[in-house]
Every structure is written in structure tokens, then in C-alpha cells.
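Chemist: Quick one: this structure, given as C-alpha cells, is what I'll be asking you about.
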Number of protein chains: 2
Amino acid sequence: MPADKTTPNARRADAKRNREKILAAARSAFADPHAEISMAEVSRRAGVGMATLYRNFPGRKDLLEALYTDEVDGICASAEALKSEPPGAALLTWLEEVFAFFMTKRQVGAELLKHSESGSRFFSDNRNRVIAAGGPLLAAAQRAHIVRDDLTLEQVLDMISAIAKIDGDAGYVRPILQSTLDGLSAPTSSRP
Amino acid sequence: MPADKTTPNARRADAKRNREKILAAARSAFADPHAEISMAEVSRRAGVGMATLYRNFPGRKDLLEALYTDEVDGICASAEALKSEPPGAALLTWLEEVFAFFMTKRQVGAELLKHSESGSRFFSDNRNRVIAAGGPLLAAAQRAHIVRDDLTLEQVLDMISAIAKIDGDAGYVRPILQSTLDGLSAPTSSRP
């Protein structure tokens, strides 16, 4: 073991790397909607021992929650970064990311829902964070009269989430999403 | 009993009326998404005896299937009648009816899904009938360049069905449906 592994800073950096390796491995493992992912499989894919895995995540639920929270962090950070982009385009880019989140997190979310009643608080907290982060993007696009003003972000997110649940591959679902996003544009006189 | 009830024609008319009374009662009973509807309750609401109810529908599944088929008949007949209307408006009117069908038939559909494997054939047959009936409405609207041409009717129906599954009252879900339907209009240069 290299000498610098013995300093507290190095040990913390090492621990952080392990945690990130585990989350990255779990993220890619759970991206397959049909895979049955065990803790042993996550440990194998991450290249860390079971002891390290369980030190970071005492149970499967902890790992799933960390994975989910990590993705929500990403969605929120992205909304923040997009605030400096032109309003309509910023919102659409962000909604595409939210859609990708709904698609890839379906399995993790479904499994988390099976866990105790704390699940509902966990989900509503994360939902509130997403709404708080994305609200300014919708408000800016509505103020600029680019996006229709008769929908709240809750409604837009429920719509995107509903589309993400449609059975079918990307080639089937993507045009449906596109149509749905096009519908968000502020009304013109050309509607049927 | 009036004399004319003894002729075969009168008996057939009587039987038809009873069947219709039962279906109407069952339809209104099942429109309440939270009600637990028993055969006895349907008999009571229809004002017919249990013997008459069971002569028409030997089991609960038969009643549910008849109810569902009856609604699909209505959707198909409506598509046929709308063929003479202006293309874009005809399609939108029909999709609103389909949406109402998805909303009200959620409970019947969910309960039918619990029944034997014949359920999937039952649903796919009815789905195919709806697609055959509505196809010409979408094709006409697309030929007239009123509706976007990158979606099939299957995709449009999956979209409408997904929106109908969103939790919330009509005031919440209706603007989402409107936005979704607006998105079906053929692309203009004014999109965000």
C-alpha cells in the first residue's frame, strides 16, 4: 500500500472513490430493466469487497436510496446550470433529462416503493427538490411566452412521467415524448 | 302481465330491455372508481331480479366483458360517424371520447385484467377494433397536414391512455390532456 494511503486525507479520498465506484456500478447494473441485481453483483461490478460495500451501504435499501438521491442531485444541479441558457430551450433540455431519469430509474423507484412507509416521504422529498429546482426554468419560459401558461411544473412532470411509463423501445416512445414536448409551446392560431 | 308480452317479438324486446337496463346500471355503478360493485348491487340498481341478471350474464366476468365491449362498440361507431366531419376536428373529438373511455373504464379494465389468460386476447381484440376504427381519422388528418405524421394511432392511443392514468381530478388532468392534444398539430416554425 502506498505511503500516502496512511494520511487521513488520503483515506477519505479513498473512501469517497469507493463509494463512487459502488454507485457507478449500481447505476449501470440497474439501468438494465430486466436484471436481478444482488448486492454481490454490485460488489463484483464495482471491484470492491462485500465488507466495503456494506460499510458504505448497510442494506440494499440504503444503496437504492443513495442511487436515487444521487440522480435527483444531478437533475437539480442541471436545472441550476441551465438557468443561464435561453428560457424555452433550457426547459426542454431539462425535461429531456428528467425523462431519461424516469426511464432509467423506473426499476430503482419501483423497488424502493416496496419498502416501508418511509418510502413515500423519501419520494415526496425528492419530488419537492426537483420541483423547486425546475420551477424557475418553467417560470422563465412562461414569462417569455414560449411555453403555455396553463400548466404547473407538477403537471408537466406528471405528463413526462406518464410518457416514460409507456411500453416500448426508444424508437416507439421518443416520438410520443417529442409530440408531448411540442404541445408545451405557447398556443398559436395554427392549432387544429 | 299485458297480453302483448306473450308474443315472441314482445318477449325478445323485453329481454333486450332487461339487458340494456343491466348494462346501464353496471356502467353507472362502475363509473365510481372506489365503489365495490357486487352482482347483487347491479341487480338492485337495474331493478331486475338476480335470476334475470344471471340469465343475461352467467358471471361477473361476462358482465364486465359485455360492459367493456359495449363501450368499445360506442368508440368504433363514433369513429365511423366522425368520418364525414372535417379531418382535424374529427380526430380531436374522437380522441376526447377515447380519453373519457380510458378514464371511466379504468376499474373495469383493471378487474378484467385479473381474470384468466383469455384477458389478454380480449383486450388485444378490442384494441385492434379501436385501431381499425380510428385509423382513417388519423390518416385523413395527417393527409390534410393538420396533424403531425410521425406518430401511428397506436402511439397516439398509448399517449392518451398514459395521460388518463395520471392521478388527479379533472381540473388537474384536463389541461395536461389539452397540451398533449395540442402537440399533435403538424409542426409550425413557432415551436420553442
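The way I read the labels, and the way they are meant: chains A, B, ... in the order of the C-alpha cells, residue 1 as the first residue of every chain, and ligand 1 as the first ligand shown, with later ones counted on from there.
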Given only C-alpha atoms, how would the per-residue table for chain A near chain B read, listing every residue at most 8 Å away with its closest atom pair and distance in Å to one decimal, sorted by chain and number, as a tab-separated table?

Modeler:
```
residue	atom	partner	partner_atom	distance
A:Gly88	CA	B:Pro192	CA	5.6
A:Ala89	CA	B:Pro192	CA	6.6
A:Ile146	CA	B:Pro192	CA	6.0
A:Val147	CA	B:Pro192	CA	7.5
A:Asp150	CA	B:Pro175	CA	6.8
A:Leu151	CA	B:Pro175	CA	6.7
A:Gln155	CA	B:Ile176	CA	6.6
A:Val156	CA	B:Ile176	CA	7.4
A:Asp158	CA	B:Ile166	CA	6.7
A:Met159	CA	B:Ile163	CA	6.6
A:Ala162	CA	B:Ala162	CA	5.3
A:Ile163	CA	B:Ala162	CA	6.2
A:Lys165	CA	B:Ala162	CA	7.5
A:Ile166	CA	B:Asp158	CA	6.7
A:Tyr172	CA	B:Gln155	CA	7.3
A:Val173	CA	B:Gln155	CA	7.7
A:Pro175	CA	B:Leu151	CA	6.7
A:Ile176	CA	B:Gln155	CA	6.6
A:Ser179	CA	B:Gly183	CA	5.0
A:Thr180	CA	B:Thr180	CA	5.2
A:Leu181	CA	B:Gly183	CA	7.1
A:Asp182	CA	B:Gly183	CA	5.0
A:Gly183	CA	B:Gly183	CA	3.4
A:Leu184	CA	B:Ser179	CA	6.1
A:Ser185	CA	B:Arg191	CA	5.8
A:Thr188	CA	B:Ser190	CA	7.8
A:Ser190	CA	B:Thr188	CA	7.8
A:Arg191	CA	B:Ser185	CA	5.9
A:Pro192	CA	B:Gly88	CA	5.6
```

Chemist: Which of segment 11-139 of chain A counts as alpha helix (DSSP H) under DSSP, as JSON, numbers by chain please?

Modeler: {"A": [11, 12, 13, 14, 15, 16, 17, 18, 19, 20, 21, 22, 23, 24, 25, 26, 27, 28, 29, 30, 39, 40, 41, 42, 43, 44, 45, 46, 50, 51, 52, 53, 54, 55, 56, 60, 61, 62, 63, 64, 65, 66, 67, 68, 69, 70, 71, 72, 73, 74, 75, 76, 77, 78, 79, 80, 81, 82, 87, 88, 89, 90, 91, 92, 93, 94, 95, 96, 97, 98, 99, 100, 101, 102, 103, 104, 106, 107, 108, 109, 110, 111, 112, 113, 114, 118, 119, 120, 121, 122, 123, 124, 125, 126, 127, 128, 129, 130, 131, 132, 133, 134, 135, 136, 137, 138, 139]}

Chemist: Excluding Trp94 of chain A and residues on its chain fewer than 2 positions from it, collect all residues at most 9 Å away from it, counting only C-alpha atoms, and give them as a tab-separated table (two decimals) with all heavy atoms, in the first residue's frame.

Modeler:
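Written output follows (around18.tsv):
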```tsv
chain	number	residue	atom	x	y	z
A	75	ILE	N	-30.19	16.02	-11.47
A	75	ILE	CA	-31.31	16.75	-12.10
A	75	ILE	C	-31.37	18.19	-11.56
A	75	ILE	O	-31.58	19.14	-12.31
A	75	ILE	CB	-32.64	16.02	-11.77
A	75	ILE	CG1	-32.69	14.63	-12.42
A	75	ILE	CG2	-33.84	16.87	-12.16
A	75	ILE	CD1	-33.00	14.67	-13.88
A	78	SER	N	-28.41	20.26	-12.74
A	78	SER	CA	-28.58	20.58	-14.14
A	78	SER	C	-29.56	21.75	-14.32
A	78	SER	O	-29.33	22.64	-15.14
A	78	SER	CB	-29.09	19.35	-14.88
A	78	SER	OG	-29.37	19.65	-16.20
A	79	ALA	N	-30.64	21.75	-13.56
A	79	ALA	CA	-31.61	22.85	-13.63
A	79	ALA	C	-30.92	24.16	-13.27
A	79	ALA	O	-31.12	25.19	-13.93
A	79	ALA	CB	-32.79	22.58	-12.69
A	82	LEU	N	-28.73	25.31	-16.08
A	82	LEU	CA	-29.46	25.71	-17.29
A	82	LEU	C	-30.13	27.08	-17.14
A	82	LEU	O	-30.63	27.65	-18.12
A	82	LEU	CB	-30.51	24.66	-17.65
A	82	LEU	CG	-29.97	23.39	-18.32
A	82	LEU	CD1	-30.99	22.26	-18.24
A	82	LEU	CD2	-29.63	23.67	-19.79
A	89	ALA	N	-35.45	26.77	-24.58
A	89	ALA	CA	-34.51	25.68	-24.84
A	89	ALA	C	-34.01	25.07	-23.53
A	89	ALA	O	-33.83	23.85	-23.42
A	89	ALA	CB	-33.33	26.18	-25.67
A	90	ALA	N	-33.78	25.92	-22.53
A	90	ALA	CA	-33.31	25.43	-21.23
A	90	ALA	C	-34.33	24.46	-20.63
A	90	ALA	O	-33.99	23.38	-20.16
A	90	ALA	CB	-33.07	26.60	-20.28
A	91	LEU	N	-35.61	24.85	-20.67
A	91	LEU	CA	-36.65	23.99	-20.11
A	91	LEU	C	-36.72	22.65	-20.85
A	91	LEU	O	-36.77	21.59	-20.22
A	91	LEU	CB	-38.01	24.69	-20.17
A	91	LEU	CG	-39.18	23.84	-19.64
A	91	LEU	CD1	-39.08	23.63	-18.14
A	91	LEU	CD2	-40.53	24.45	-20.00
A	92	LEU	N	-36.69	22.71	-22.18
A	92	LEU	CA	-36.80	21.47	-22.97
A	92	LEU	C	-35.61	20.54	-22.70
A	92	LEU	O	-35.78	19.34	-22.55
A	92	LEU	CB	-36.91	21.78	-24.46
A	92	LEU	CG	-38.24	22.41	-24.88
A	92	LEU	CD1	-38.27	22.63	-26.38
A	92	LEU	CD2	-39.42	21.55	-24.44
A	96	GLU	N	-35.90	16.80	-21.02
A	96	GLU	CA	-35.33	15.60	-21.64
A	96	GLU	C	-34.52	14.81	-20.60
A	96	GLU	O	-34.56	13.59	-20.55
A	96	GLU	CB	-34.41	15.97	-22.81
A	96	GLU	CG	-35.13	16.60	-23.98
A	96	GLU	CD	-35.50	15.58	-25.07
A	96	GLU	OE1	-35.22	14.39	-24.87
A	96	GLU	OE2	-36.06	16.00	-26.10
A	97	GLU	N	-33.80	15.55	-19.76
A	97	GLU	CA	-33.02	14.89	-18.70
A	97	GLU	C	-33.93	14.23	-17.68
A	97	GLU	O	-33.66	13.13	-17.19
A	97	GLU	CB	-32.09	15.89	-18.01
A	97	GLU	CG	-30.94	16.33	-18.90
A	97	GLU	CD	-30.06	17.39	-18.23
A	97	GLU	OE1	-30.09	17.50	-16.99
A	97	GLU	OE2	-29.37	18.11	-18.98
A	98	VAL	N	-35.02	14.92	-17.35
A	98	VAL	CA	-35.99	14.36	-16.41
A	98	VAL	C	-36.60	13.08	-16.99
A	98	VAL	O	-36.77	12.08	-16.30
A	98	VAL	CB	-37.09	15.39	-16.08
A	98	VAL	CG1	-38.20	14.75	-15.28
A	98	VAL	CG2	-36.49	16.57	-15.30
A	99	PHE	N	-36.90	13.11	-18.28
A	99	PHE	CA	-37.46	11.93	-18.95
A	99	PHE	C	-36.46	10.76	-18.86
A	99	PHE	O	-36.84	9.64	-18.52
A	99	PHE	CB	-37.77	12.26	-20.41
A	99	PHE	CG	-38.29	11.09	-21.20
A	99	PHE	CD1	-39.60	10.65	-21.04
A	99	PHE	CD2	-37.47	10.42	-22.11
A	99	PHE	CE1	-40.09	9.57	-21.77
A	99	PHE	CE2	-37.96	9.34	-22.84
A	99	PHE	CZ	-39.27	8.92	-22.66
A	134	GLY	N	-36.61	22.97	-10.78
A	134	GLY	CA	-37.06	23.20	-12.16
A	134	GLY	C	-38.06	24.34	-12.29
A	134	GLY	O	-38.23	24.87	-13.39
A	137	LEU	N	-37.11	27.40	-14.29
A	137	LEU	CA	-36.98	27.20	-15.74
A	137	LEU	C	-38.34	27.31	-16.43
A	137	LEU	O	-38.46	27.92	-17.49
A	137	LEU	CB	-36.37	25.81	-16.04
A	137	LEU	CG	-34.94	25.55	-15.57
A	137	LEU	CD1	-34.51	24.14	-15.99
A	137	LEU	CD2	-33.99	26.59	-16.17
```

Chemist: Quick one: residues within 9 Å of Gly47 of chain A, only C-alpha atoms counted, chain neighbours fewer than 6 positions away excluded, as an mmCIF file with all heavy atoms, in the first residue's frame?

Modeler:
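Result file is part.cif:
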```cif
data_model
loop_
_atom_site.group_PDB
_atom_site.id
_atom_site.type_symbol
_atom_site.label_atom_id
_atom_site.label_comp_id
_atom_site.auth_asym_id
_atom_site.auth_seq_id
_atom_site.Cartn_x
_atom_site.Cartn_y
_atom_site.Cartn_z
ATOM 1 N N LYS A 21 -17.363 4.424 -6.895
ATOM 2 C CA LYS A 21 -17.262 3.208 -7.732
ATOM 3 C C LYS A 21 -18.503 2.335 -7.547
ATOM 4 O O LYS A 21 -19.056 1.788 -8.496
ATOM 5 C CB LYS A 21 -16.003 2.398 -7.352
ATOM 6 C CG LYS A 21 -14.760 2.815 -8.099
ATOM 7 C CD LYS A 21 -13.689 1.734 -8.100
ATOM 8 C CE LYS A 21 -13.107 1.516 -6.701
ATOM 9 N NZ LYS A 21 -11.896 0.674 -6.704
ATOM 10 N N ILE A 22 -18.949 2.227 -6.291
ATOM 11 C CA ILE A 22 -20.133 1.404 -5.994
ATOM 12 C C ILE A 22 -21.375 2.000 -6.652
ATOM 13 O O ILE A 22 -22.156 1.297 -7.304
ATOM 14 C CB ILE A 22 -20.343 1.281 -4.463
ATOM 15 C CG1 ILE A 22 -19.198 0.485 -3.828
ATOM 16 C CG2 ILE A 22 -21.684 0.610 -4.159
ATOM 17 C CD1 ILE A 22 -19.147 0.577 -2.302
ATOM 18 N N ALA A 25 -21.282 1.499 -10.401
ATOM 19 C CA ALA A 25 -21.560 0.104 -10.760
ATOM 20 C C ALA A 25 -23.040 -0.199 -10.577
ATOM 21 O O ALA A 25 -23.667 -0.845 -11.428
ATOM 22 C CB ALA A 25 -20.711 -0.832 -9.892
#
```
